[in-house]
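upload-v5.txt, holding compact mmCIF, C-alpha atoms:
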# COMPACT_ATOMS: atom_id res chain seq x y z
CA MET R 1 3.73 -16.55 -1.06
CA ALA R 2 1.84 -19.12 -3.02
CA ASN R 3 -1.84 -18.92 -3.54
CA GLU R 4 -3.87 -21.57 -1.76
CA ASN R 5 -6.96 -23.33 -3.11
CA VAL R 6 -9.87 -21.29 -1.81
CA SER R 7 -13.38 -20.70 -3.06
CA VAL R 8 -14.29 -18.01 -5.57
CA VAL R 9 -16.64 -16.52 -2.96
CA PHE R 10 -13.77 -15.98 -0.54
CA LYS R 11 -11.63 -14.39 -3.26
CA LEU R 12 -14.48 -12.04 -4.14
CA TYR R 13 -14.82 -11.23 -0.43
CA CYS R 14 -11.12 -10.35 -0.25
CA LEU R 15 -11.40 -8.25 -3.39
CA THR R 16 -14.48 -6.40 -2.11
CA VAL R 17 -13.01 -5.62 1.30
CA MET R 18 -9.70 -4.46 -0.18
CA THR R 19 -11.50 -2.16 -2.62
CA LEU R 20 -13.82 -0.67 -0.01
CA VAL R 21 -11.02 -0.11 2.50
CA ALA R 22 -8.79 1.63 -0.10
CA ALA R 23 -11.58 3.89 -1.36
CA ALA R 24 -13.07 4.62 2.08
CA TYR R 25 -9.68 5.46 3.60
CA THR R 26 -8.87 7.98 0.86
CA VAL R 27 -12.28 9.67 0.95
CA ALA R 28 -12.54 9.69 4.77
CA LEU R 29 -9.03 11.11 5.22
CA ARG R 30 -9.74 13.83 2.66
CA TYR R 31 -12.99 14.62 4.48
CA THR R 32 -11.30 14.97 7.88
CA ARG R 33 -8.62 17.28 6.45
CA THR R 34 -10.92 19.64 4.50
CA ILE R 35 -14.64 19.51 5.25
CA SER R 36 -15.03 18.02 8.73
CA SER R 37 -16.09 20.73 11.18
CA GLY R 38 -14.19 21.41 14.40
CA ASP R 39 -10.52 21.81 15.23
CA LEU R 40 -8.03 20.08 12.93
CA TYR R 41 -6.28 17.14 14.57
CA PHE R 42 -2.53 16.51 14.47
CA SER R 43 -1.78 14.08 11.64
CA THR R 44 1.42 12.92 13.36
CA THR R 45 -0.57 11.59 16.32
CA ALA R 46 -2.95 9.74 13.98
CA VAL R 47 0.01 8.01 12.32
CA CYS R 48 1.35 7.03 15.76
CA ILE R 49 -2.00 5.63 16.92
CA THR R 50 -2.24 3.65 13.68
CA GLU R 51 1.07 1.93 14.48
CA VAL R 52 -0.19 1.08 17.98
CA PHE R 53 -3.37 -0.51 16.58
CA LYS R 54 -1.35 -2.49 14.04
CA LEU R 55 0.87 -3.78 16.84
CA ILE R 56 -2.15 -4.91 18.88
CA LEU R 57 -3.73 -6.63 15.86
CA SER R 58 -0.44 -8.36 14.97
CA LEU R 59 -0.08 -9.61 18.56
CA GLY R 60 -3.57 -11.05 18.31
CA MET R 61 -2.75 -12.80 15.01
CA LEU R 62 0.52 -14.17 16.43
CA THR R 63 -1.38 -15.49 19.47
CA LYS R 64 -3.74 -17.31 17.13
CA GLU R 65 -0.83 -18.65 15.07
CA THR R 66 1.15 -19.96 18.07
CA GLY R 67 -1.95 -21.42 19.73
CA SER R 68 -1.06 -20.66 23.35
CA LEU R 69 0.22 -17.84 25.56
CA VAL R 70 3.29 -19.90 26.51
CA LYS R 71 4.35 -20.27 22.86
CA LEU R 72 3.53 -16.59 22.29
CA LYS R 73 5.84 -15.59 25.15
CA SER R 74 8.58 -17.85 23.83
CA SER R 75 8.27 -16.41 20.32
CA ILE R 76 8.39 -12.81 21.57
CA GLU R 77 11.44 -13.52 23.73
CA GLU R 78 13.28 -15.30 20.91
CA HIS R 79 12.56 -12.93 18.03
CA ILE R 80 12.05 -9.57 19.74
CA ILE R 81 13.50 -9.21 23.24
CA PHE R 82 16.70 -11.16 22.53
CA SER R 83 17.05 -10.11 18.89
CA PRO R 84 18.02 -6.42 18.85
CA LYS R 85 19.68 -6.83 15.44
CA GLU R 86 16.39 -7.93 13.91
CA LEU R 87 14.61 -4.95 15.45
CA LEU R 88 17.29 -2.67 14.00
CA LYS R 89 16.87 -4.32 10.60
CA LEU R 90 13.12 -3.64 10.63
CA SER R 91 13.61 -0.05 11.80
CA VAL R 92 14.55 0.88 8.22
CA PRO R 93 11.07 0.23 6.74
CA SER R 94 9.55 1.69 9.92
CA VAL R 95 11.20 5.06 9.30
CA VAL R 96 10.25 4.98 5.62
CA TYR R 97 6.66 3.97 6.37
CA ALA R 98 6.26 6.74 8.96
CA ILE R 99 7.45 9.32 6.42
CA GLN R 100 5.09 7.95 3.76
CA ASN R 101 2.07 8.00 6.08
CA ASN R 102 2.69 11.59 7.14
CA MET R 103 3.10 12.63 3.51
CA ALA R 104 -0.21 10.94 2.66
CA PHE R 105 -1.96 13.26 5.14
CA VAL R 106 -0.31 16.30 3.55
CA ALA R 107 -1.16 15.05 0.04
CA LEU R 108 -4.83 14.47 0.84
CA SER R 109 -5.01 17.87 2.50
CA ASN R 110 -4.18 19.35 -0.92
CA LEU R 111 -5.39 16.80 -3.50
CA ASP R 112 -8.89 15.59 -4.18
CA ALA R 113 -9.51 11.93 -3.27
CA ALA R 114 -10.00 10.88 -6.91
CA VAL R 115 -6.82 12.64 -8.12
CA TYR R 116 -4.93 11.12 -5.18
CA GLN R 117 -6.21 7.62 -5.93
CA VAL R 118 -5.16 7.80 -9.59
CA THR R 119 -1.76 9.36 -8.85
CA TYR R 120 -1.20 6.82 -6.08
CA GLN R 121 -0.92 4.14 -8.77
CA LEU R 122 2.54 5.54 -9.53
CA LYS R 123 3.57 3.10 -6.80
CA ILE R 124 3.60 0.45 -9.57
CA PRO R 125 6.55 1.87 -11.59
CA CYS R 126 8.31 2.88 -8.36
CA THR R 127 7.92 -0.65 -6.98
CA ALA R 128 8.90 -2.18 -10.33
CA LEU R 129 12.15 -0.18 -10.34
CA CYS R 130 12.92 -1.13 -6.73
CA THR R 131 12.15 -4.79 -7.50
CA VAL R 132 14.53 -4.85 -10.45
CA LEU R 133 17.33 -3.11 -8.54
CA MET R 134 16.93 -4.74 -5.10
CA LEU R 135 15.57 -8.23 -5.87
CA ASN R 136 17.23 -8.74 -9.29
CA ARG R 137 13.94 -9.59 -10.94
CA SER R 138 13.01 -8.90 -14.55
CA LEU R 139 9.86 -7.44 -16.08
CA SER R 140 8.23 -8.53 -19.32
CA ARG R 141 7.86 -6.16 -22.26
CA LEU R 142 4.13 -5.94 -21.57
CA GLN R 143 4.82 -4.87 -17.99
CA TRP R 144 7.25 -2.17 -19.08
CA CYS R 145 4.70 -0.92 -21.64
CA SER R 146 2.02 -0.83 -18.95
CA VAL R 147 4.37 1.16 -16.68
CA PHE R 148 4.85 3.84 -19.36
CA MET R 149 1.11 3.81 -20.10
CA LEU R 150 0.39 4.34 -16.40
CA CYS R 151 2.80 7.29 -16.23
CA GLY R 152 1.07 8.79 -19.27
CA GLY R 153 -2.33 8.38 -17.63
CA VAL R 154 -1.19 10.05 -14.41
CA THR R 155 0.34 12.88 -16.46
CA LEU R 156 -3.05 13.49 -18.09
CA VAL R 157 -4.76 13.58 -14.70
CA GLN R 158 -2.21 16.07 -13.36
CA TRP R 159 -1.97 18.13 -16.58
CA ARG R 160 -5.43 19.63 -16.19
CA PRO R 161 -6.72 18.27 -12.90
CA ALA R 162 -10.40 17.84 -12.19
CA GLU R 163 -11.81 21.00 -10.69
CA ALA R 164 -12.76 21.02 -7.02
CA THR R 165 -12.50 23.29 -4.05
CA LYS R 166 -9.45 23.50 -1.78
CA VAL R 167 -7.18 21.60 -4.16
CA GLN R 168 -3.53 22.60 -4.39
CA VAL R 169 -2.10 20.17 -6.92
CA GLY R 170 1.56 21.23 -6.67
CA VAL R 171 1.92 20.73 -2.91
CA GLY R 172 -0.16 17.56 -2.87
CA THR R 173 1.58 15.92 -5.83
CA VAL R 174 5.08 16.61 -4.50
CA ASN R 175 4.25 15.04 -1.14
CA LEU R 176 2.41 12.11 -2.69
CA THR R 177 5.22 11.36 -5.15
CA ALA R 178 7.83 11.46 -2.39
CA GLY R 179 5.59 9.25 -0.27
CA LEU R 180 5.26 6.72 -3.10
CA ASP R 181 9.05 6.51 -3.46
CA CYS R 182 9.22 5.78 0.28
CA ARG R 183 6.37 3.26 0.13
CA SER R 184 7.88 1.38 -2.83
CA PHE R 185 11.28 1.08 -1.16
CA GLN R 186 9.64 0.02 2.12
CA GLY R 187 7.55 -2.67 0.44
CA VAL R 188 10.41 -4.22 -1.53
CA TYR R 189 12.80 -4.01 1.45
CA PHE R 190 10.22 -5.70 3.70
CA GLU R 191 9.65 -8.43 1.10
CA LYS R 192 13.40 -9.04 0.93
CA VAL R 193 13.58 -9.35 4.74
CA LEU R 194 10.58 -11.70 4.82
CA LYS R 195 12.00 -14.04 2.17
CA SER R 196 15.49 -14.11 3.67
CA SER R 197 14.30 -16.21 6.64
CA ASP R 198 11.47 -18.44 7.85
CA THR R 199 10.39 -16.02 10.57
CA SER R 200 6.61 -15.58 10.87
CA LEU R 201 5.00 -12.68 9.01
CA TRP R 202 3.33 -11.55 12.25
CA VAL R 203 6.65 -11.58 14.13
CA ARG R 204 8.15 -9.39 11.42
CA ASN R 205 5.13 -7.08 11.65
CA ILE R 206 5.54 -6.77 15.41
CA GLN R 207 9.24 -5.96 15.01
CA MET R 208 8.41 -3.29 12.44
CA TYR R 209 5.52 -1.76 14.40
CA LEU R 210 7.55 -1.53 17.62
CA SER R 211 10.16 0.46 15.73
CA GLY R 212 7.37 2.39 14.03
CA ILE R 213 5.86 3.51 17.34
CA VAL R 214 9.22 4.88 18.48
CA VAL R 215 9.79 6.64 15.14
CA THR R 216 6.31 8.18 15.01
CA LEU R 217 6.54 9.36 18.63
CA ILE R 218 9.76 11.16 17.70
CA GLY R 219 7.87 12.66 14.75
CA VAL R 220 5.11 13.89 17.06
CA TYR R 221 7.67 15.52 19.35
CA VAL R 222 9.67 17.17 16.56
CA THR R 223 6.74 18.36 14.44
CA ASP R 224 3.92 19.10 16.91
CA GLY R 225 5.54 18.70 20.31
CA ASP R 226 4.62 22.10 21.77
CA LYS R 227 1.08 22.02 20.37
CA VAL R 228 0.47 18.49 21.65
CA LEU R 229 1.65 19.46 25.15
CA GLU R 230 -0.62 22.49 25.07
CA LYS R 231 -3.78 20.98 23.55
CA GLY R 232 -3.41 17.24 24.19
CA PHE R 233 -2.49 14.16 22.16
CA PHE R 234 -6.05 13.53 20.98
CA PHE R 235 -6.92 17.15 20.22
CA GLY R 236 -9.40 17.46 17.35
CA TYR R 237 -10.26 13.76 17.27
CA THR R 238 -13.77 12.94 16.05
CA PRO R 239 -15.47 9.65 15.13
CA TRP R 240 -14.38 10.28 11.54
CA VAL R 241 -10.73 10.57 12.58
CA CYS R 242 -11.03 7.33 14.56
CA PHE R 243 -12.54 5.74 11.46
CA VAL R 244 -9.53 6.85 9.38
CA VAL R 245 -7.14 5.35 11.95
CA PHE R 246 -9.13 2.11 11.95
CA LEU R 247 -9.11 1.85 8.14
CA SER R 248 -5.38 2.53 7.99
CA SER R 249 -4.68 -0.13 10.62
CA VAL R 250 -6.89 -2.84 9.15
CA GLY R 251 -5.95 -2.01 5.56
CA GLY R 252 -2.24 -2.47 6.20
CA LEU R 253 -2.73 -5.91 7.76
CA TYR R 254 -5.43 -7.02 5.33
CA THR R 255 -3.06 -6.55 2.40
CA SER R 256 -1.13 -9.65 3.50
CA VAL R 257 -4.34 -11.72 3.37
CA VAL R 258 -5.12 -10.42 -0.13
CA VAL R 259 -1.58 -11.18 -1.34
CA LYS R 260 -1.90 -14.74 -0.01
CA TYR R 261 -5.30 -15.65 -1.42
CA THR R 262 -5.65 -13.63 -4.64
CA ASP R 263 -3.58 -12.86 -7.73
CA ASN R 264 -2.27 -9.73 -9.43
CA ILE R 265 -5.22 -9.54 -11.83
CA MET R 266 -7.72 -9.38 -8.96
CA LYS R 267 -5.58 -6.77 -7.18
CA GLY R 268 -5.55 -4.77 -10.41
CA PHE R 269 -9.34 -4.88 -10.63
CA SER R 270 -9.48 -3.81 -6.98
CA ALA R 271 -7.27 -0.78 -7.61
CA ALA R 272 -9.34 0.21 -10.65
CA ALA R 273 -12.59 -0.19 -8.69
CA ALA R 274 -11.16 1.94 -5.87
CA ILE R 275 -10.44 4.71 -8.40
CA VAL R 276 -14.04 4.58 -9.66
CA LEU R 277 -15.51 4.60 -6.13
CA SER R 278 -13.25 7.47 -5.04
CA THR R 279 -14.25 9.47 -8.11
CA ILE R 280 -17.98 8.93 -7.44
CA ALA R 281 -17.54 9.90 -3.79
CA SER R 282 -15.54 13.00 -4.76
CA VAL R 283 -18.31 14.12 -7.11
CA LEU R 284 -20.97 13.66 -4.44
CA LEU R 285 -19.07 14.92 -1.37
CA PHE R 286 -16.52 17.44 -2.67
CA GLY R 287 -18.16 18.82 -5.81
CA LEU R 288 -15.54 17.34 -8.16
CA GLN R 289 -16.03 18.31 -11.82
CA ILE R 290 -14.68 15.62 -14.15
CA THR R 291 -12.63 16.90 -17.11
CA PHE R 292 -11.88 15.00 -20.31
CA ALA R 293 -8.18 14.83 -19.39
CA PHE R 294 -8.97 13.34 -15.97
CA ALA R 295 -11.36 10.74 -17.43
CA SER R 296 -8.89 9.75 -20.17
CA GLY R 297 -6.01 9.51 -17.72
CA ALA R 298 -8.02 7.46 -15.21
CA ILE R 299 -9.04 4.98 -17.96
CA LEU R 300 -5.41 4.64 -19.10
CA VAL R 301 -4.32 3.98 -15.52
CA CYS R 302 -7.00 1.28 -15.03
CA ILE R 303 -5.97 -0.46 -18.29
CA SER R 304 -2.27 -0.31 -17.39
CA ILE R 305 -2.95 -1.81 -13.94
CA TYR R 306 -4.73 -4.73 -15.59
CA LEU R 307 -1.94 -5.27 -18.14
CA TYR R 308 0.78 -5.10 -15.48
CA GLY R 309 -0.96 -7.82 -13.46
CA LEU R 310 -1.22 -10.30 -16.35
CA PRO R 311 0.95 -13.40 -15.83
CA LYS R 312 4.19 -13.64 -17.81
CA GLN R 313 4.20 -15.95 -20.81
CA ASP R 314 6.38 -19.05 -20.48
CA THR R 315 8.79 -18.24 -23.29
CA SER R 316 11.07 -21.15 -22.37
CA ARG R 317 8.30 -23.64 -23.21
CA VAL R 318 7.67 -21.92 -26.55
CA SER R 319 11.40 -22.05 -27.34
CA ARG R 320 11.53 -25.77 -26.56
CA LEU R 321 8.53 -26.42 -28.81
CA ASP R 322 10.14 -24.42 -31.63
CA ALA R 323 13.41 -26.33 -31.22
CA SER R 324 11.55 -29.65 -31.24
CA ALA R 325 9.65 -28.72 -34.39
CA GLU R 326 12.88 -27.63 -36.08
CA SER R 327 14.54 -30.97 -35.20
CA LYS R 328 11.62 -32.93 -36.63
CA GLN R 329 11.77 -30.88 -39.82
CA LYS R 330 15.47 -31.68 -40.23
CA LEU R 331 14.80 -35.41 -39.77
CA ILE R 332 12.05 -35.33 -42.38
CA SER R 333 14.30 -33.54 -44.88
CA VAL R 334 17.03 -36.18 -44.34

Can you dump the structure from the file as structure tokens?
Amino acid sequence: MANENVSVVFKLYCLTVMTLVAAAYTVALRYTRTISSGDLYFSTTAVCITEVFKLILSLGMLTKETGSLVKLKSSIEEHIIFSPKELLKLSVPSVVYAIQNNMAFVALSNLDAAVYQVTYQLKIPCTALCTVLMLNRSLSRLQWCSVFMLCGGVTLVQWRPAEATKVQVGVGTVNLTAGLDCRSFQGVYFEKVLKSSDTSLWVRNIQMYLSGIVVTLIGVYVTDGDKVLEKGFFFGYTPWVCFVVFLSSVGGLYTSVVVKYTDNIMKGFSAAAAIVLSTIASVLLFGLQITFAFASGAILVCISIYLYGLPKQDTSRVSRLDASAESKQKLISV
């Protein structure tokens, strides 16, 4: 999706909102799973409610895009009701996304928010690998170097993790890593589906979220079915839990706006800023004690994110200039 000419103020707005949502979601989810008083809610129901909110928001955006209820009805009938194959196609990322979201809850129940935020950047090498294999794209040498640098930074963070209470690195890291593999595949698969046709982004979102609601409801039944029937679907819900659901819903949709109006460098700065904010919040709220290994690893990750987002050099233009200069030199010698 090409970037459009927009003001610097709007780009900074996008960057600020993306950063705050990413950091606030991580910290708030960690808070609800460890410190928040009261009965612990069922994470599977939160994931399901998130899909419902995303569906409602996508319907609203599609209504705005079509401009009238008549056109909205026609679009839904054409692309959703009478297109079961398309729904089936989008059920693949729905299943993957549901697994990833549930694993995020398990990861943040066992990892501190700052450690999670740094380790979460492993999505970059996972996505890079999926992009090369599924979309037949190539990465520059600088991007490959930044990928290895990022892995080294995350290794430092996990080698001697920052000390905090109620942190079980093994369980959290396993679930987060598996979730990142799922998320990377889901993102690249969804991009491939989007670019294979001219269907609206919001239509594709609706198709995916409809499948997602079905998948997450099955997850609720299989994982917490008896407990939900006994205690209720919204058992343990507090304003903080509702806030987490809201951030997850808005954050998922807002990413498309950020991708449209900003570039990779700004997204890299956003990810680095989210790491810093999550670390500060973890120190203040969870008593996180920063170690040298954690600080070094976090800095390496931030640098690698920036390097990965740098635009590729146009080597073809350089080659043409070199060839032209060589031709001129031959003419002069003759």

As AutoDock Vina command-line options, please: the centre and edge lengths in Å, to one decimal, of an axis-aligned box enclosing every listed atom of range 124-135 of chain R with 8 Å added on each side.
--center_x 10.5 --center_y -2.7 --center_z -8.3 --size_x 29.7 --size_y 27.1 --size_z 22.5

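Closest approach to Tyr254 in chain R among R:Val17, R:Cys302, R:Val157, R:Ala107 is made by R:Val17 (distances from only C-alpha atoms).
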
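Ranking R:Val241, R:Pro311, R:Lys85, R:Phe42 by their shortest atom-to-atom distance to Val220 in chain R, with all atoms listed in the file included, puts R:Phe42 first.
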
Exercise for the section: With a distance cut-off of 12 Å and all atoms listed in the file, select the neighbouring residues of Trp144 in chain R, excluding the residue or stretch itself and same-chain residues fewer than 2 positions from it, and output the selection as a PyMOL selection string. Expected result: chain R and resi 124-126+128-129+132+138-142+146-151+304-305+307-309+312

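Proximity ranking of R:Ala272, R:Val115, R:Ile80, R:Val21 relative to Leu288 in chain R places R:Val115 first, based on all atoms listed in the file.
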
Handout entry: 7 Å contact set for Ala293 in chain R, only C-alpha atoms, chain neighbours under 2 positions out, as a ChimeraX atom specification
Key = /R:156-157,160,291,295-297

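Using all atoms listed in the file, the smallest distance between any of R:Ala273, R:Ile299, R:Val52, R:Leu88 and Thr16 in chain R comes from R:Ala273.
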
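Here CA of Ile206 in chain R stands at a distance of 12.2 Å from CA of Leu72 in chain R.
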